[in-house]
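Report on the structure given below.
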Amino acid sequence: MIERAALVAALSKVRDPELDEPLTDLGFVSALGEDEGRVTARLRLPTYFCAPNFAYLMVADAKTALLSIPGVTEVNVVLEDHFASDEINSGVGANESFRATFEGLANDELGDLRALFNRKAFLVRQEKLCREVLDAGGHPEDLPSLRLADLPSSRAAERYLERRAELGLDMSPGAPVVVTANGTRIAGTRIDEHLRFARTIRISVEGNAGLCRGLLATRYGTPDPEGVTT
Amino acid sequence: MYEKDGEKYFIVDGHIHWWDASPENQKNKYGDGFIRCFYDYHKNLSPKEYVWPLEKYQKYSQEDLMHDLFEVGYVDVGIFQPTYLSDFYVEGFNTTERDAVLKEKHPDKFILNTSFDPRYEQQGLEEFEEKVRRWNPKGVKLYTAEWKGDSKGWKLTDEWALKHLQKCLDLGVTNIHIHKGPTIWPLNKDAFDVSDVDDAATTFTDLKFIVEHVGLPRLEDFCWIAVQEPNVFGGLAVAMPFIHTRPRYFANLIGELLYWAGEDRILFSSDYALWQPKWLVEMFVDFQIPEDMQSELGELTPNIKRKILGVNAARLYDIPIPEGMDVADEGTTPEITDKPPVPVGT
């Protein structure tokens, strides 16, 4: 018998690549069960037509995460109510690549797509961190010289460092905080516009996340955490 | 026309549909899935009193449309944006032919756009030319995620898409509305990415590219392009209803658009029957950026609202604006700059 908490903990590490949030927080896990090492998870998405490439990634990542739990011998992840459910469920079930799952419709795997959204997520987390630093009384002119060692111990800093490490960027204490997604230091004169664009990405992603939560709630008749806030 | 507090607003609804998604017209499960997906958008983002039963939402009458837009919705001119979805619906979802029925009855109320699909290649080009001869449209609505047999989409940079855009230029069809969806070829790429619009806008500087949904869910990609390309505009379909459900988010969204694209390149749209213009217009005219956000985002003046609600679209479509409802100045469109030095990287 595997603790349910272990299953949830594993799935909480799987995220929607576009929204940079865990599937468990987004309400995408509709059922989770285990019997003698055999795990079944059911996933559901906000719309029937959610992008199939991201859907595939979430199903495949959920399977990998659950298989990594000691004692789990078999995992079946089922995507419900999606136009490509059949293809994705049988493809991931048989450990087929994305390209093989969507034969003729794809010309590569999803590494580039995932990396692109990891970079966007990093820039968003960096912008949030910088806002926190400024809100706490930091000065904009000090941002260029801010180093990893100077970071406060906060949730925003933690989240920033997590994505930064994942991108393989320099994690040494002396490394600059405000960098491009490729790790290049931003000159002081360009920091404003750098953060200005990162803010636009943040607003885009926040809007999508809100809409996705609302659509999921409407679709499945669950409470809408993003309901009217006036 | 809408009037409030002594201010008059000429209303051009930049994106409307008259669709038939009734079970009789659904070709397969995808047609059912598509309209149910639309219906969830409608239900989730509309005020309760404006939510229709599913049956009406699947297929509404001419009278419904005339009433909701022109009798109670303040709309002066509505722009039909056809969406064929021929693989999902027997007679198509919302074709030029269908919209033309209403256009013929009420020529002054509607702008009739048409569409093309580059995957029909030479034959498509000829049929497109025929459509333009027949209806003399000034614009096209393109849906790049449309399915066609085994194909799940296309890009504006495809060889035959470029030929069609050249044909648009030759025939004077100058307003190109782009609507991105969840699928594309190849499927491993981000289907919502609007970078192909960047390339097309650079190649065809005499065409205007109106990115529907202001690029959502890729607002940042749209803003990135709009700041560089003076011939790129944003349509507010899908973005508008946030004014009701999440007004502070809507303020941020409008703030971003005014910052990157400027007040002259944003177009009001209800996306009817996804949402109804009556409440959108009323709420938008009443809307102001919350006070605590104004130092960052500025304020929405009546002139900015007038441009977004009608003047900008009227200029694109040569629609005469009644006296007292035009805006004389050219606005504060941000200077077109080189690519901002903030690449997400590849």
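Chains: A, B, ... in order of the structure tokens. Residues: from 1 per chain. Ligands: from 1, in order shown.
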Kindly determine which residues of chain B lie within 9 Å of chain A, considering only C-alpha atoms, and give the answer as a CSV table (one decimal) with N, CA and C atoms, in the first residue's frame.
```csv
chain,number,residue,atom,x,y,z
B,29,LYS,N,-18.0,14.4,-33.8
B,29,LYS,CA,-17.9,14.7,-32.3
B,29,LYS,C,-17.1,16.0,-32.2
B,30,TYR,N,-16.3,16.4,-33.2
B,30,TYR,CA,-15.6,17.6,-33.0
B,30,TYR,C,-16.5,18.9,-33.2
B,33,GLY,N,-18.0,19.1,-29.8
B,33,GLY,CA,-16.9,19.6,-28.8
B,33,GLY,C,-16.6,21.0,-29.0
B,34,PHE,N,-16.6,21.5,-30.3
B,34,PHE,CA,-16.3,22.9,-30.5
B,34,PHE,C,-17.3,23.9,-30.0
B,36,ARG,N,-19.5,23.3,-27.6
B,36,ARG,CA,-19.5,23.2,-26.2
B,36,ARG,C,-18.4,23.9,-25.5
B,37,CYS,N,-17.3,23.9,-26.2
B,37,CYS,CA,-16.1,24.7,-25.7
B,37,CYS,C,-16.4,26.2,-25.7
B,40,ASP,N,-18.8,27.1,-22.9
B,40,ASP,CA,-18.2,27.3,-21.6
B,40,ASP,C,-17.6,28.7,-21.5
B,41,TYR,N,-17.0,29.2,-22.6
B,41,TYR,CA,-16.5,30.5,-22.6
B,41,TYR,C,-17.6,31.5,-22.3
B,43,LYS,N,-20.6,31.0,-20.9
B,43,LYS,CA,-21.1,30.8,-19.6
B,43,LYS,C,-20.2,31.4,-18.5
B,44,ASN,N,-18.9,31.1,-18.7
B,44,ASN,CA,-18.0,31.5,-17.6
B,44,ASN,C,-17.8,33.0,-17.5
B,45,LEU,N,-17.8,33.7,-18.7
B,45,LEU,CA,-17.4,35.1,-18.7
B,45,LEU,C,-18.6,36.1,-18.8
B,150,ASP,N,-6.2,15.4,-42.9
B,150,ASP,CA,-5.1,15.1,-42.0
B,150,ASP,C,-4.3,16.3,-41.5
B,151,SER,N,-4.6,17.5,-42.2
B,151,SER,CA,-3.8,18.7,-41.7
B,151,SER,C,-4.6,19.3,-40.5
B,152,LYS,N,-3.8,19.7,-39.6
B,152,LYS,CA,-4.3,20.4,-38.4
B,152,LYS,C,-4.0,21.8,-38.3
B,181,GLY,N,-5.4,29.2,-33.1
B,181,GLY,CA,-6.1,28.2,-32.3
B,181,GLY,C,-5.2,27.2,-31.8
B,182,PRO,N,-5.7,26.1,-31.2
B,182,PRO,CA,-4.8,25.2,-30.5
B,182,PRO,C,-4.0,24.3,-31.3
B,183,THR,N,-4.3,24.2,-32.6
B,183,THR,CA,-3.5,23.2,-33.4
B,183,THR,C,-2.8,23.9,-34.6
B,184,ILE,N,-1.8,23.3,-35.1
B,184,ILE,CA,-1.0,23.8,-36.2
B,184,ILE,C,-0.2,22.7,-36.8
B,185,TRP,N,0.4,22.9,-38.0
B,185,TRP,CA,1.4,22.0,-38.5
B,185,TRP,C,2.7,22.6,-38.4
B,186,PRO,N,3.7,22.0,-37.8
B,186,PRO,CA,3.7,20.7,-37.1
B,186,PRO,C,3.2,20.9,-35.7
B,187,LEU,N,2.6,19.8,-35.1
B,187,LEU,CA,2.0,19.9,-33.8
B,187,LEU,C,2.9,20.2,-32.6
B,188,ASN,N,4.2,19.9,-32.9
B,188,ASN,CA,5.2,20.1,-31.8
B,188,ASN,C,5.5,21.6,-31.6
B,189,LYS,N,5.1,22.5,-32.5
B,189,LYS,CA,5.3,23.9,-32.3
B,189,LYS,C,4.2,24.5,-31.5
B,190,ASP,N,4.4,25.7,-30.9
B,190,ASP,CA,3.4,26.4,-30.2
B,190,ASP,C,2.4,27.0,-31.2
B,191,ALA,N,1.2,26.4,-31.1
B,191,ALA,CA,0.1,26.8,-32.1
B,191,ALA,C,-0.3,28.2,-32.0
B,192,PHE,N,-0.2,28.8,-30.8
B,192,PHE,CA,-0.7,30.2,-30.6
B,192,PHE,C,0.3,31.2,-31.0
B,216,LEU,N,-4.0,36.6,-27.3
B,216,LEU,CA,-4.2,35.7,-26.2
B,216,LEU,C,-4.4,34.3,-26.7
B,217,PRO,N,-3.8,33.3,-26.1
B,217,PRO,CA,-3.0,33.4,-24.8
B,217,PRO,C,-1.5,33.8,-25.0
B,218,ARG,N,-1.2,34.5,-26.0
B,218,ARG,CA,0.2,34.9,-26.2
B,218,ARG,C,0.2,36.4,-26.3
B,219,LEU,N,-0.3,37.1,-25.4
B,219,LEU,CA,-0.4,38.6,-25.4
B,219,LEU,C,1.0,39.2,-25.6
B,220,GLU,N,2.0,38.5,-24.9
B,220,GLU,CA,3.4,39.1,-25.0
B,220,GLU,C,3.9,39.0,-26.5
B,221,ASP,N,3.6,37.9,-27.2
B,221,ASP,CA,4.1,37.8,-28.5
B,221,ASP,C,3.4,38.8,-29.4
B,223,CYS,N,2.3,41.8,-28.4
B,223,CYS,CA,2.8,43.1,-28.0
B,223,CYS,C,4.2,43.3,-28.7
B,224,TRP,N,5.0,42.3,-28.6
B,224,TRP,CA,6.3,42.3,-29.2
B,224,TRP,C,6.3,42.6,-30.7
B,244,HIS,N,-15.8,42.2,-16.9
B,244,HIS,CA,-16.9,41.8,-15.9
B,244,HIS,C,-16.3,40.9,-14.8
B,245,THR,N,-15.7,39.8,-15.3
B,245,THR,CA,-15.2,38.8,-14.3
B,245,THR,C,-14.0,39.2,-13.5
B,246,ARG,N,-13.1,39.9,-14.2
B,246,ARG,CA,-11.8,40.2,-13.5
B,246,ARG,C,-11.4,41.6,-13.9
B,247,PRO,N,-12.1,42.7,-13.4
B,247,PRO,CA,-11.8,44.0,-13.8
B,247,PRO,C,-10.4,44.5,-13.6
B,248,ARG,N,-9.7,44.1,-12.6
B,248,ARG,CA,-8.3,44.5,-12.4
B,248,ARG,C,-7.4,43.8,-13.4
B,249,TYR,N,-7.7,42.6,-13.7
B,249,TYR,CA,-6.9,42.0,-14.8
B,249,TYR,C,-7.2,42.7,-16.1
B,250,PHE,N,-8.4,43.1,-16.4
B,250,PHE,CA,-8.7,43.8,-17.6
B,250,PHE,C,-8.0,45.1,-17.7
B,252,ASN,N,-5.1,45.7,-16.3
B,252,ASN,CA,-3.7,45.4,-16.7
B,252,ASN,C,-3.5,45.1,-18.2
B,253,LEU,N,-4.5,44.4,-18.7
B,253,LEU,CA,-4.5,44.0,-20.1
B,253,LEU,C,-4.5,45.2,-21.0
B,256,GLU,N,-1.3,47.2,-20.9
B,256,GLU,CA,-0.3,46.6,-21.7
B,256,GLU,C,-0.5,47.0,-23.2
B,340,PRO,N,12.7,45.1,-29.2
B,340,PRO,CA,13.2,45.3,-27.9
B,340,PRO,C,14.2,44.3,-27.5
B,341,PRO,N,15.2,44.7,-26.7
B,341,PRO,CA,16.3,43.7,-26.5
B,341,PRO,C,16.0,42.8,-25.4
B,342,VAL,N,14.8,42.2,-25.4
B,342,VAL,CA,14.4,41.3,-24.4
B,342,VAL,C,14.0,39.9,-24.9
B,343,PRO,N,14.8,39.3,-25.7
B,343,PRO,CA,14.4,38.0,-26.3
B,343,PRO,C,14.1,36.9,-25.3
B,344,VAL,N,13.1,36.1,-25.5
B,344,VAL,CA,12.9,35.0,-24.7
B,344,VAL,C,13.9,33.9,-25.1
B,345,GLY,N,14.4,34.1,-26.3
B,345,GLY,CA,15.5,33.2,-26.7
B,345,GLY,C,15.0,32.0,-27.4
B,346,THR,N,15.9,31.4,-28.2
B,346,THR,CA,15.5,30.2,-28.9
B,346,THR,C,16.5,29.1,-28.7
```
| request: Tell me which protein, DNA and RNA residues are within 9 Å of region 162-168 of chain B, counting only C-alpha atoms, leaving out same-chain ones fewer than 4 positions away, and put them as a ChimeraX atom specification. | output: /B:116-118,121,124-125,128-129,139-140,156-158,172-176,200,204,207
Prev. selection, C-alpha atoms, output as an mmCIF file, in the first residue's frame:
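Saved result, result-v9.cif, follows:
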```
data_model
loop_
_atom_site.group_PDB
_atom_site.id
_atom_site.type_symbol
_atom_site.label_atom_id
_atom_site.label_comp_id
_atom_site.auth_asym_id
_atom_site.auth_seq_id
_atom_site.Cartn_x
_atom_site.Cartn_y
_atom_site.Cartn_z
ATOM 1 C CA PHE B 116 -9.333 31.710 -47.625
ATOM 2 C CA ASP B 117 -7.493 28.506 -46.859
ATOM 3 C CA PRO B 118 -4.058 28.325 -48.528
ATOM 4 C CA GLU B 121 -3.483 26.034 -53.320
ATOM 5 C CA GLY B 124 -8.277 27.995 -53.527
ATOM 6 C CA LEU B 125 -6.708 31.059 -55.041
ATOM 7 C CA PHE B 128 -10.935 33.276 -53.321
ATOM 8 C CA GLU B 129 -10.816 35.593 -56.319
ATOM 9 C CA GLY B 139 -11.036 42.036 -45.258
ATOM 10 C CA VAL B 140 -10.486 38.351 -44.603
ATOM 11 C CA LEU B 156 0.996 32.691 -42.726
ATOM 12 C CA THR B 157 4.518 32.028 -43.924
ATOM 13 C CA ASP B 158 3.536 28.909 -45.892
ATOM 14 C CA GLY B 172 -7.559 45.522 -52.450
ATOM 15 C CA VAL B 173 -8.528 43.181 -49.618
ATOM 16 C CA THR B 174 -6.329 44.989 -47.136
ATOM 17 C CA ASN B 175 -7.539 43.966 -43.666
ATOM 18 C CA ILE B 176 -6.215 40.565 -42.661
ATOM 19 C CA ALA B 200 3.871 38.588 -43.095
ATOM 20 C CA PHE B 204 3.244 43.088 -46.887
ATOM 21 C CA LEU B 207 -1.781 45.150 -45.669
#
```
| query | Between CA of Leu267 (chain B) and CA of Met1 (chain B), what is the spacing in Å? | reply |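 Interatomic distance, CA of Met1 (chain B) to CA of Leu267 (chain B): 15.8 Å.
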| query | Which distance in Å separates CA of Gly33 (chain A) and CA of Lys13 (chain A), to one decimal? | reply |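 Between CA of Gly33 (chain A) and CA of Lys13 (chain A) the gap is 17.6 Å.
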| Computed interatomic separation between CA of Glu291 (chain B) and CA of Ile243 (chain B) (Å) |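 Taking CA of Glu291 (chain B) as the start and CA of Ile243 (chain B) as the end point, the length is 15.8 Å.
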| task | Give me every alpha helix (DSSP H) residue in region 151-286 of chain B, going by DSSP on the backbone, as a ChimeraX atom specification. | result | /B:159-171,195-203,219-226,242-245,247-260,277-286
| request: From the DSSP assignment of the backbone, select every residue of region 105-238 of chain B that is strand (DSSP E or B), and format the answer as a list in words. | output: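 The strand (DSSP E or B) residues within region 105-238 of chain B come out as Phe110, Ile111, Leu112, Thr114, Gly139, Val140, Lys141, Leu142, Tyr143, Lys148, Ser151, Asn175, Ile176, His177, Ile178, His179, Lys208, Phe209, Ile210, Val211, Val232, Phe233, Gly234 and Gly235 of chain B.
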Since we have the selection now, will you write its residues out, keeping C-alpha atoms, as a short mmCIF file (atom, residue, chain, number, x, y, z; two decimals), in the first residue's frame?
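What ended up in result.cif:
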```cif
data_model
loop_
_atom_site.label_atom_id
_atom_site.label_comp_id
_atom_site.auth_asym_id
_atom_site.auth_seq_id
_atom_site.Cartn_x
_atom_site.Cartn_y
_atom_site.Cartn_z
CA PHE B 110 -22.69 45.04 -41.80
CA ILE B 111 -19.21 44.75 -43.21
CA LEU B 112 -18.92 41.34 -44.83
CA THR B 114 -14.56 36.53 -46.36
CA GLY B 139 -11.04 42.04 -45.26
CA VAL B 140 -10.49 38.35 -44.60
CA LYS B 141 -10.67 36.33 -41.43
CA LEU B 142 -8.08 33.55 -41.28
CA TYR B 143 -8.18 30.71 -38.79
CA LYS B 148 -8.57 19.95 -43.25
CA SER B 151 -3.84 18.68 -41.72
CA ASN B 175 -7.54 43.97 -43.67
CA ILE B 176 -6.21 40.57 -42.66
CA HIS B 177 -7.73 39.27 -39.42
CA ILE B 178 -5.73 36.45 -37.88
CA HIS B 179 -7.21 34.06 -35.39
CA LYS B 208 -3.13 45.62 -42.15
CA PHE B 209 -2.93 42.62 -39.84
CA ILE B 210 -5.48 42.49 -37.06
CA VAL B 211 -4.52 39.85 -34.51
CA VAL B 232 -0.32 45.26 -36.85
CA PHE B 233 -3.52 45.83 -34.86
CA GLY B 234 -5.21 43.97 -32.01
CA GLY B 235 -8.84 42.86 -31.81
#
```
| message | For a quick check of understanding, using only C-alpha atoms, which of A:Glu87, A:Val124, A:Leu161, A:Ala156 has the smallest distance to Asp20 (chain A)? | response | A:Val124
